[in-house]
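Shown next: model.txt, containing compact mmCIF, C-alpha atoms.
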```txt
# COMPACT_ATOMS: atom_id res chain seq x y z
CA MET A 1 4.15 -3.07 42.33
CA SER A 2 7.36 -3.33 40.37
CA ALA A 3 11.11 -2.68 40.95
CA SER A 4 12.62 -0.30 43.51
CA ALA A 5 16.04 -0.06 41.82
CA ILE A 6 17.93 -1.53 38.86
CA PHE A 7 21.63 -2.49 39.03
CA VAL A 8 24.09 -3.60 36.36
CA LEU A 9 26.97 -5.61 37.89
CA ASP A 10 30.12 -7.18 36.49
CA LEU A 11 30.97 -10.86 37.09
CA LYS A 12 32.66 -10.03 40.42
CA GLY A 13 29.55 -8.22 41.70
CA LYS A 14 30.93 -4.70 41.31
CA VAL A 15 28.21 -2.15 40.50
CA LEU A 16 28.84 -0.61 37.06
CA ILE A 17 25.72 1.53 36.97
CA CYS A 18 22.46 1.73 38.92
CA ARG A 19 19.24 3.73 39.11
CA ASN A 20 17.15 4.19 42.26
CA TYR A 21 13.49 4.63 41.26
CA LYS A 22 11.61 4.62 44.58
CA GLY A 23 14.12 5.12 47.39
CA ASP A 24 12.44 2.52 49.66
CA VAL A 25 15.35 0.03 49.52
CA ASP A 26 18.84 0.86 50.82
CA MET A 27 21.20 0.89 47.80
CA ALA A 28 23.88 -0.84 49.95
CA GLU A 29 21.69 -3.99 49.97
CA ILE A 30 23.20 -4.95 46.58
CA ASP A 31 26.42 -5.90 48.44
CA HIS A 32 24.58 -9.01 49.69
CA PHE A 33 23.62 -10.19 46.19
CA MET A 34 26.93 -11.76 45.07
CA PRO A 35 27.64 -13.68 48.32
CA LEU A 36 24.06 -15.06 48.21
CA LEU A 37 24.44 -16.09 44.57
CA MET A 38 27.80 -17.82 45.21
CA GLN A 39 26.37 -19.63 48.22
CA HIS A 40 23.44 -20.93 46.14
CA GLU A 41 25.80 -21.97 43.31
CA GLU A 42 27.98 -23.97 45.73
CA GLU A 43 24.86 -25.74 47.03
CA GLY A 44 23.65 -26.35 43.46
CA LEU A 45 20.42 -24.45 44.18
CA ILE A 46 20.52 -21.51 41.78
CA CYS A 47 17.27 -19.58 42.08
CA PRO A 48 16.01 -16.64 39.95
CA VAL A 49 14.91 -14.81 43.12
CA LEU A 50 17.30 -14.33 46.05
CA SER A 51 16.28 -12.76 49.37
CA HIS A 52 18.16 -10.98 52.16
CA GLY A 53 15.89 -10.01 55.02
CA ASN A 54 12.83 -8.36 53.45
CA VAL A 55 14.73 -7.35 50.27
CA HIS A 56 14.35 -9.52 47.15
CA PHE A 57 16.81 -9.65 44.25
CA MET A 58 15.43 -10.65 40.82
CA TRP A 59 18.30 -11.18 38.40
CA ILE A 60 19.33 -12.34 34.93
CA LYS A 61 22.79 -12.92 33.45
CA HIS A 62 23.72 -11.62 30.01
CA SER A 63 27.23 -11.99 28.56
CA ASN A 64 29.58 -10.85 31.38
CA LEU A 65 26.93 -8.83 33.23
CA TYR A 66 24.30 -9.37 35.91
CA LEU A 67 21.13 -7.25 35.69
CA VAL A 68 19.48 -7.09 39.11
CA ALA A 69 16.18 -5.56 40.24
CA THR A 70 15.55 -5.02 43.96
CA THR A 71 12.22 -4.75 45.75
CA ASN A 72 10.84 -5.07 49.29
CA LYS A 73 7.23 -5.55 48.18
CA ASN A 74 5.30 -8.49 46.74
CA SER A 75 6.14 -7.39 43.18
CA ASN A 76 4.89 -8.86 39.92
CA ALA A 77 7.94 -11.06 39.18
CA SER A 78 6.99 -11.82 35.55
CA LEU A 79 6.69 -8.07 34.86
CA VAL A 80 10.14 -7.44 36.37
CA TYR A 81 11.77 -10.25 34.36
CA SER A 82 10.10 -9.07 31.15
CA PHE A 83 11.49 -5.60 31.90
CA LEU A 84 15.04 -6.90 32.55
CA TYR A 85 15.02 -8.74 29.21
CA LYS A 86 13.61 -5.60 27.57
CA ILE A 87 16.58 -3.62 28.97
CA VAL A 88 18.93 -6.15 27.32
CA GLU A 89 17.03 -5.79 24.02
CA VAL A 90 17.09 -1.95 24.08
CA PHE A 91 20.77 -1.73 25.11
CA THR A 92 21.69 -4.22 22.37
CA GLU A 93 19.81 -2.08 19.80
CA TYR A 94 21.85 0.93 20.93
CA PHE A 95 25.30 -0.59 21.49
CA LYS A 96 25.20 -3.69 19.17
CA GLU A 97 26.89 -5.80 21.91
CA LEU A 98 25.81 -5.58 25.56
CA GLU A 99 28.82 -6.26 27.78
CA GLU A 100 30.86 -4.54 30.49
CA GLU A 101 32.84 -2.43 28.01
CA SER A 102 29.75 -1.10 26.20
CA ILE A 103 28.23 0.02 29.54
CA GLN A 104 31.45 1.81 30.58
CA ASP A 105 31.79 3.51 27.17
CA ASN A 106 28.18 4.78 27.18
CA PHE A 107 27.44 5.82 30.78
CA VAL A 108 25.52 8.97 29.81
CA VAL A 109 23.26 7.20 27.28
CA VAL A 110 22.66 4.30 29.71
CA TYR A 111 21.55 6.73 32.45
CA GLU A 112 19.22 8.52 30.02
CA LEU A 113 17.74 5.19 28.90
CA LEU A 114 17.22 3.99 32.49
CA ASP A 115 15.38 7.28 33.17
CA GLU A 116 13.03 6.79 30.20
CA LEU A 117 12.54 3.01 30.46
CA MET A 118 11.11 3.13 33.98
CA ASP A 119 9.41 5.73 36.17
CA PHE A 120 8.84 5.22 39.93
CA GLY A 121 9.38 1.48 39.46
CA PHE A 122 6.96 1.02 36.56
CA PRO A 123 7.99 0.37 32.91
CA GLN A 124 7.33 3.34 30.61
CA THR A 125 8.65 3.77 27.04
CA THR A 126 10.38 0.49 26.12
CA ASP A 127 10.28 0.69 22.31
CA SER A 128 13.85 1.27 21.08
CA LYS A 129 12.68 2.91 17.82
CA ILE A 130 10.78 5.58 19.78
CA LEU A 131 13.62 6.03 22.30
CA GLN A 132 16.06 6.60 19.42
CA GLU A 133 14.00 9.63 18.35
CA TYR A 134 15.08 11.63 21.39
CA ILE A 135 17.96 9.70 23.04
CA THR A 136 20.78 9.69 20.51
CA GLN A 137 24.43 8.69 20.69
CA GLU A 138 25.51 11.83 18.86
CA GLY A 139 27.05 14.87 20.59
CA ALA A 140 24.74 16.85 22.85
CA LYS A 141 23.72 19.84 20.73
CA LEU A 142 21.12 22.00 22.40
CA GLU A 143 18.48 23.05 19.90
CA VAL A 144 15.42 24.82 21.29
CA ALA A 145 13.20 23.55 18.48
CA LYS A 146 14.04 19.93 19.31
CA SER A 147 13.78 20.25 23.09
CA LYS A 148 10.09 19.27 23.15
CA VAL A 149 9.04 15.66 23.77
CA PRO A 150 8.24 13.68 20.57
CA THR A 151 4.51 13.18 20.09
CA THR A 152 5.03 9.40 19.95
CA VAL A 153 5.75 9.36 23.71
CA THR A 154 2.44 11.04 24.60
CA ASN A 155 0.50 9.71 21.63
CA ALA A 156 -2.10 6.92 21.86
CA VAL A 157 -0.10 5.13 19.14
CA SER A 158 3.26 5.25 20.91
CA TRP A 159 4.96 2.76 18.54
CA ARG A 160 4.51 4.77 15.33
CA SER A 161 5.47 8.34 14.44
CA GLU A 162 3.18 10.62 12.46
CA GLY A 163 4.01 12.02 9.02
CA ILE A 164 5.79 8.91 7.65
CA LYS A 165 5.94 9.01 3.82
CA TYR A 166 7.01 6.44 1.22
CA LYS A 167 7.04 6.71 -2.58
CA LYS A 168 6.02 3.06 -2.88
CA ASN A 169 3.75 1.58 -0.19
CA GLU A 170 4.46 -2.07 0.60
CA VAL A 171 4.19 -4.62 3.43
CA PHE A 172 6.40 -7.73 3.56
CA ILE A 173 5.01 -10.57 5.69
CA ASP A 174 7.28 -13.45 6.76
CA VAL A 175 5.65 -16.55 8.28
CA ILE A 176 8.53 -18.40 9.96
CA GLU A 177 8.02 -21.79 11.64
CA SER A 178 10.65 -23.64 13.69
CA ILE A 179 10.27 -27.38 14.25
CA ASN A 180 11.30 -28.89 17.59
CA VAL A 181 11.70 -32.67 17.40
CA LEU A 182 13.22 -35.27 19.73
CA VAL A 183 13.62 -38.79 18.31
CA ASN A 184 14.86 -41.66 20.52
CA ALA A 185 17.46 -44.27 19.50
CA ASN A 186 14.71 -46.67 18.34
CA GLY A 187 13.37 -44.14 15.83
CA SER A 188 10.23 -43.12 17.77
CA VAL A 189 9.29 -39.44 17.99
CA MET A 190 9.24 -38.64 21.73
CA SER A 191 8.22 -34.99 21.50
CA SER A 192 7.48 -32.51 18.73
CA ASP A 193 5.92 -29.10 18.31
CA ILE A 194 5.98 -26.07 16.01
CA VAL A 195 6.91 -22.57 17.18
CA GLY A 196 5.92 -19.90 14.68
CA SER A 197 6.15 -16.17 14.27
CA ILE A 198 4.76 -13.63 11.82
CA LYS A 199 7.22 -10.81 11.10
CA LEU A 200 6.46 -7.61 9.21
CA LYS A 201 8.53 -5.12 7.28
CA THR A 202 6.19 -2.16 6.91
CA MET A 203 6.86 0.60 4.39
CA LEU A 204 3.56 2.48 4.49
CA SER A 205 2.78 6.20 4.56
CA GLY A 206 0.57 7.89 7.15
CA MET A 207 -1.32 5.98 9.85
CA PRO A 208 -2.69 2.88 8.10
CA GLU A 209 -5.05 0.37 9.65
CA LEU A 210 -4.16 -3.23 8.77
CA ARG A 211 -6.27 -6.37 9.06
CA LEU A 212 -4.67 -9.78 8.77
CA GLY A 213 -6.64 -12.94 8.06
CA LEU A 214 -5.30 -16.45 8.81
CA ASN A 215 -6.81 -19.91 8.37
CA ASP A 216 -7.56 -19.99 12.11
CA ARG A 217 -9.87 -22.88 13.09
CA VAL A 218 -11.59 -20.88 15.86
CA LEU A 219 -12.39 -18.07 13.40
CA PHE A 220 -13.74 -20.52 10.82
CA ALA A 221 -15.92 -22.17 13.49
CA LEU A 222 -17.27 -18.75 14.59
CA THR A 223 -18.20 -17.75 11.04
CA GLY A 224 -19.46 -21.23 10.08
CA ARG A 225 -16.90 -21.66 7.27
CA ASP A 226 -15.25 -24.90 8.38
CA LYS A 227 -13.83 -25.71 4.94
CA GLY A 228 -10.26 -26.40 3.89
CA LYS A 229 -7.20 -26.80 6.09
CA THR A 230 -7.25 -24.85 9.35
CA VAL A 231 -4.81 -24.61 12.28
CA VAL A 232 -5.27 -24.37 16.04
CA MET A 233 -2.79 -21.86 17.50
CA GLU A 234 -1.80 -21.97 21.17
CA ASP A 235 0.22 -19.58 23.37
CA VAL A 236 -0.48 -16.71 20.96
CA LYS A 237 1.50 -13.58 21.84
CA PHE A 238 0.93 -10.26 20.02
CA HIS A 239 2.86 -7.03 19.54
CA GLN A 240 1.35 -4.19 21.58
CA CYS A 241 -0.12 -2.68 18.39
CA VAL A 242 -2.74 -5.45 18.00
CA ARG A 243 -6.22 -4.66 19.35
CA LEU A 244 -6.69 -7.58 21.76
CA SER A 245 -10.36 -6.81 22.50
CA ARG A 246 -11.14 -7.14 18.79
CA PHE A 247 -9.22 -10.43 18.57
CA ASP A 248 -11.05 -11.81 21.64
CA SER A 249 -14.48 -10.90 20.26
CA ASP A 250 -14.22 -11.98 16.60
CA ARG A 251 -10.59 -13.28 16.11
CA THR A 252 -9.75 -10.35 13.77
CA ILE A 253 -6.08 -9.30 13.90
CA SER A 254 -6.44 -5.53 13.53
CA PHE A 255 -3.60 -3.07 14.13
CA ILE A 256 -1.71 0.12 13.22
CA PRO A 257 1.76 -1.30 12.46
CA PRO A 258 5.14 0.03 13.69
CA ASP A 259 7.30 1.42 10.89
CA GLY A 260 10.02 -0.90 9.56
CA ASP A 261 10.75 -4.36 11.03
CA SER A 262 8.67 -5.85 13.84
CA GLU A 263 7.33 -9.17 15.10
CA LEU A 264 3.55 -9.02 14.87
CA MET A 265 2.82 -12.27 16.70
CA SER A 266 4.21 -15.60 17.83
CA TYR A 267 2.38 -18.88 18.39
CA ARG A 268 2.86 -22.56 19.16
CA ILE A 269 1.15 -25.53 17.53
CA ASN A 270 1.21 -28.66 19.67
CA THR A 271 0.97 -31.41 17.09
CA HIS A 272 2.72 -34.59 16.06
CA VAL A 273 5.33 -33.57 13.49
CA LYS A 274 6.91 -36.06 11.12
CA PRO A 275 10.66 -35.28 11.05
CA LEU A 276 11.28 -33.47 7.75
CA ILE A 277 14.85 -34.74 7.47
CA TRP A 278 15.11 -38.29 8.77
CA ILE A 279 18.50 -39.51 9.96
CA GLU A 280 19.57 -43.13 10.29
CA SER A 281 22.96 -43.73 11.84
CA VAL A 282 25.20 -46.73 12.47
CA ILE A 283 28.16 -45.97 14.76
CA GLU A 284 30.56 -48.86 15.38
CA LYS A 285 33.36 -48.52 17.94
CA PHE A 286 36.30 -50.91 17.80
CA SER A 287 38.14 -50.29 21.09
CA HIS A 288 41.79 -49.18 20.89
CA SER A 289 41.66 -48.97 17.09
CA ARG A 290 38.90 -47.10 15.23
CA VAL A 291 35.34 -45.85 15.02
CA GLU A 292 33.21 -46.21 11.85
CA ILE A 293 30.23 -43.90 11.28
CA MET A 294 27.55 -44.27 8.60
CA VAL A 295 24.81 -41.63 8.39
CA LYS A 296 21.88 -41.71 5.95
CA ALA A 297 19.76 -38.55 5.54
CA LYS A 298 16.35 -38.65 3.83
CA GLY A 299 14.13 -35.69 2.93
CA GLN A 300 10.59 -36.51 4.11
CA PHE A 301 8.91 -33.48 2.57
CA LYS A 302 7.31 -32.70 -0.82
CA LYS A 303 9.46 -33.29 -3.89
CA GLN A 304 8.88 -29.76 -5.19
CA SER A 305 10.41 -28.28 -1.99
CA VAL A 306 14.14 -27.93 -1.33
CA ALA A 307 15.91 -27.63 2.04
CA ASN A 308 18.78 -25.14 2.00
CA ASN A 309 22.02 -25.04 4.02
CA VAL A 310 21.45 -28.39 5.71
CA GLU A 311 23.89 -29.24 8.50
CA VAL A 312 23.98 -32.69 10.09
CA ARG A 313 26.10 -32.63 13.26
CA VAL A 314 27.31 -36.07 14.35
CA PRO A 315 29.10 -36.44 17.74
CA VAL A 316 32.39 -38.39 17.83
CA PRO A 317 34.59 -39.53 20.76
CA SER A 318 36.81 -36.79 22.20
CA ASP A 319 39.98 -38.85 21.65
CA ALA A 320 39.29 -39.59 17.95
CA ASP A 321 41.77 -38.43 15.30
CA SER A 322 42.86 -38.97 11.65
CA PRO A 323 39.42 -38.44 10.08
CA LYS A 324 38.50 -39.80 6.62
CA PHE A 325 35.20 -38.97 4.93
CA LYS A 326 33.15 -40.16 1.97
CA THR A 327 29.89 -38.40 1.02
CA SER A 328 27.36 -38.93 -1.78
CA THR A 329 26.74 -35.16 -1.78
CA GLY A 330 27.94 -32.07 0.09
CA ASN A 331 31.08 -32.09 2.21
CA ALA A 332 31.99 -33.26 5.72
CA LYS A 333 34.53 -31.76 8.09
CA TYR A 334 35.79 -32.59 11.57
CA VAL A 335 35.41 -29.93 14.27
CA PRO A 336 37.71 -31.22 17.06
CA GLU A 337 36.99 -28.44 19.57
CA LYS A 338 33.32 -29.51 19.60
CA ASN A 339 33.91 -33.27 19.03
CA LEU A 340 31.65 -33.17 15.97
CA VAL A 341 31.53 -34.14 12.32
CA VAL A 342 29.58 -31.46 10.43
CA TRP A 343 28.08 -32.68 7.15
CA THR A 344 26.94 -29.71 5.03
CA ILE A 345 24.51 -30.03 2.12
CA LYS A 346 23.78 -26.75 0.29
CA SER A 347 20.62 -28.00 -1.45
CA PHE A 348 18.56 -31.02 -0.31
CA PRO A 349 15.50 -31.82 -2.52
CA GLY A 350 12.46 -33.53 -0.96
CA GLY A 351 12.29 -37.34 -1.28
CA LYS A 352 16.06 -37.72 -1.85
CA GLU A 353 18.48 -39.84 0.18
CA PHE A 354 22.15 -39.08 0.81
CA LEU A 355 24.92 -41.01 2.56
CA MET A 356 28.00 -40.01 4.57
CA ARG A 357 30.68 -42.34 5.88
CA ALA A 358 33.39 -41.35 8.36
CA HIS A 359 36.38 -43.26 9.71
CA PHE A 360 38.36 -42.19 12.80
CA CYS A 361 41.34 -43.71 14.55
CA LEU A 362 41.21 -44.20 18.33
CA PRO A 363 44.25 -44.17 20.65
CA SER A 364 45.54 -47.48 21.97
CA VAL A 365 45.09 -46.22 25.57
CA GLU A 366 41.49 -46.30 26.81
CA ASN A 367 40.01 -42.94 27.84
CA ALA A 368 39.36 -43.16 31.61
CA GLU A 369 36.43 -40.72 31.50
CA VAL A 370 32.98 -42.10 30.75
CA GLU A 371 31.56 -39.98 27.92
CA GLY A 372 27.91 -39.16 27.45
CA LYS A 373 25.86 -39.95 24.37
CA PRO A 374 25.10 -36.59 22.73
CA PRO A 375 22.41 -36.70 20.01
CA ILE A 376 22.75 -35.98 16.30
CA THR A 377 21.40 -32.48 15.58
CA VAL A 378 20.17 -31.13 12.25
CA LYS A 379 19.90 -27.55 10.96
CA PHE A 380 17.99 -26.61 7.80
CA GLU A 381 15.71 -24.05 6.15
CA ILE A 382 12.92 -24.81 3.67
CA PRO A 383 11.50 -21.74 1.85
CA TYR A 384 7.91 -21.47 0.50
CA PHE A 385 6.72 -24.17 2.91
CA THR A 386 5.01 -24.43 6.32
CA VAL A 387 4.57 -27.68 8.24
CA SER A 388 1.42 -26.59 10.05
CA GLY A 389 -0.32 -25.44 6.87
CA ILE A 390 -0.90 -21.92 8.24
CA GLN A 391 -1.86 -19.45 5.51
CA VAL A 392 -2.23 -15.69 5.24
CA ARG A 393 -5.69 -15.50 3.63
CA TYR A 394 -5.74 -11.72 3.25
CA MET A 395 -4.08 -8.47 4.34
CA LYS A 396 -6.33 -5.41 4.11
CA ILE A 397 -4.64 -2.00 4.22
CA ILE A 398 -6.88 0.99 4.97
CA GLU A 399 -5.53 4.55 5.04
CA LYS A 400 -7.53 7.80 4.90
CA SER A 401 -5.67 9.06 1.79
CA GLY A 402 -6.84 5.89 -0.01
CA TYR A 403 -3.51 4.85 -1.55
CA GLN A 404 -2.96 1.40 -3.04
CA ALA A 405 -0.45 -0.81 -1.20
CA LEU A 406 1.07 -4.19 -2.02
CA PRO A 407 1.32 -6.96 0.58
CA TRP A 408 3.99 -9.64 -0.05
CA VAL A 409 3.95 -12.98 1.81
CA ARG A 410 6.83 -15.43 2.28
CA TYR A 411 6.76 -18.77 4.14
CA ILE A 412 9.84 -20.36 5.73
CA THR A 413 10.24 -23.57 7.76
CA GLN A 414 13.45 -24.04 9.73
CA SER A 415 14.88 -26.38 12.35
CA GLY A 416 14.52 -25.44 15.99
CA ASP A 417 15.65 -27.89 18.67
CA TYR A 418 15.99 -30.86 16.27
CA GLN A 419 17.64 -33.89 17.92
CA LEU A 420 17.97 -37.58 17.09
CA ARG A 421 19.47 -39.83 19.74
CA THR A 422 21.97 -42.59 18.93
CA ASN A 423 22.67 -46.02 20.44
CA VAL A 424 26.39 -45.37 20.89
```

Here is the file; what I need is its structure written in the form of structure tokens.
Amino acid sequence: MSASAIFVLDLKGKVLICRNYKGDVDMAEIDHFMPLLMQHEEEGLICPVLSHGNVHFMWIKHSNLYLVATTNKNSNASLVYSFLYKIVEVFTEYFKELEEESIQDNFVVVYELLDELMDFGFPQTTDSKILQEYITQEGAKLEVAKSKVPTTVTNAVSWRSEGIKYKKNEVFIDVIESINVLVNANGSVMSSDIVGSIKLKTMLSGMPELRLGLNDRVLFALTGRDKGKTVVMEDVKFHQCVRLSRFDSDRTISFIPPDGDSELMSYRINTHVKPLIWIESVIEKFSHSRVEIMVKAKGQFKKQSVANNVEVRVPVPSDADSPKFKTSTGNAKYVPEKNLVVWTIKSFPGGKEFLMRAHFCLPSVENAEVEGKPPITVKFEIPYFTVSGIQVRYMKIIEKSGYQALPWVRYITQSGDYQLRTNV
């Protein structure tokens, strides 16, 4: 079972718009949601599911809105939460920003979308590209020829329209990996993993069948070709277009792709990652006078690779002022509203070392509040490089008309949650 009704509330708990799908829960029950939430917040026990009698509220907060699903059955909670986040995604596609104002300005479209997204409490058409074929934000012009339902809604391939044509047939494949690293103050890596995704930009005519080959260790073991570098992917999640039965049986990623941009799959690789940009910091505090900061950044990746748009964010005391900087490359600036020094390096070649020194004055009166020790964070992007060594071995494109198509592959490594703790 799924949701009985969906509500969109403002921050005060006022209902902006709602849709009753099953009629088995009194719509006035939503009046109990906000008092329950405030009570839990006061007790410091915020819970994703709140209950009043036999009615359960499953909720998420986005911007200045609460999206709430009600049910009085033992519903599949993960399905309901996935649906609530899907609503946010679809509304954002339509209105660019999802907030109170965009709901009030687009009541008619929101009602139409809520009608199509769910039927009798079960998710239906949730692909925004398909919804945009028949729910538009233009004026309501009644045309008899267009009053029929698009075939994509009733089609077996609901994510792709028929009759798509391109002069030049191409597929662009982006393999994007984000590195999550936590390093303690002694320089030891406490946790690390890689979160990756494969994104497609498909510009293909007709209804092509695509097959993607990766250097997947399980596949190589199945076929007896255990040669070269392979990767073990965990938590693999596919777009609905991928034939899961085929992947389960012989690890082939076979699919009819959506037109345009889409995320084909995401994965996680749980492995020890050497920090690609290593940071050493010395922060000296002289009470009532000054704080001296020295940060050394070293590129621990191949010399032929270059990290772009590197940002090293160094925390400073909230009462610091009169900043002075000296850098061997790039430029440093003080961001007082965030209590940070941001050191920006446009281009950071592998194997190189750079230095930044900062000097701040401190007030003569001691700050009474005990401040925490926020970590140094790093942002970067390294093109043509993957940490895990994942490779697209082939992309086969089969279409009944037999046209030739070009697949293009690009690899990008970027920082995810990349933190290095400091002693001070």

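Take the candidates A:Phe238, A:Phe91, A:Tyr418, A:Tyr21 and check each one against Tyr267 of chain A using all atoms listed in the file; the shortest distance goes to A:Phe238.
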
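When atom CA of Arg290 of chain A is paired with atom CA of Ser364 of chain A, their separation reads 9.5 Å.
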
Best match for closeness to Ile253 of chain A among A:Cys241, A:Ile179, A:Ile376, A:Leu420, counting only C-alpha atoms: A:Cys241

Long-range neighbours of Ser415 of chain A as a list in words, 7 Å cut-off, only C-alpha atoms, 2 positions minimum in chain: Ser178, Ile179, Asn180, Lys379, Phe380, Glu381, Asp417 and Tyr418 of chain A

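Taking atom CA of Leu406 of chain A as the reference point, atom CA of Leu204 of chain A is found at 9.6 Å.
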
Neighbours of point (17.7, 7.2, 33.4) within 12 Å, using only C-alpha atoms, written as an NGL selection string: :A and (5-7 or 17-21 or 87 or 107-121 or 123-125 or 131 or 135)

Lys352 of chain A environment, 6 Å, all atoms listed in the file, sequence neighbours closer than 2 positions dropped, as number ranges by chain: A: 298-299, 349-350

Writer output for current selection, C-alpha atoms, as a CSV table (one decimal), in the coordinates of the input:
```
chain,number,residue,atom,x,y,z
A,298,LYS,CA,16.4,-38.6,3.8
A,299,GLY,CA,14.1,-35.7,2.9
A,349,PRO,CA,15.5,-31.8,-2.5
A,350,GLY,CA,12.5,-33.5,-1.0
```

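With all atoms listed in the file as the atoms that count, the residue of A:Thr126, A:Lys168, A:Lys285, A:Tyr66 with the shortest distance to Glu89 of chain A is A:Thr126.
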
Neighbour list for Met207 of chain A as a PyMOL selection string, cut-off 9 Å, all atoms listed in the file, skip fewer than 3 positions in-chain: chain A and resi 160-164+204+256-257+398-400

Nearby residues (all atoms listed in the file) at most 7 Å from segment 389-392 of chain A, same-chain spacing under 4 positions excluded, as an MDAnalysis selection string: chainID A and resid 213:215 231

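Taking atom CA of Ile60 of chain A and atom CA of Asp24 of chain A as endpoints, the distance between them is 22.0 Å.
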
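For the point (25.6, -42.2, 10.2), the residues with an atom at a distance of at most 10 Å are Ile279, Glu280, Ser281, Val282, Ile283, Glu284, Glu292, Ile293, Met294, Val295, Lys296, Ala297, Val312, Val314, Leu355, Met356, Arg357, Ala358, Ile376 and Thr422 of chain A, counting all atoms listed in the file.
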
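In this comparison, which uses only C-alpha atoms, the residue of A:Trp159, A:Thr271, A:Asn339, A:Asp261 approaching Asp193 of chain A most closely is A:Thr271.
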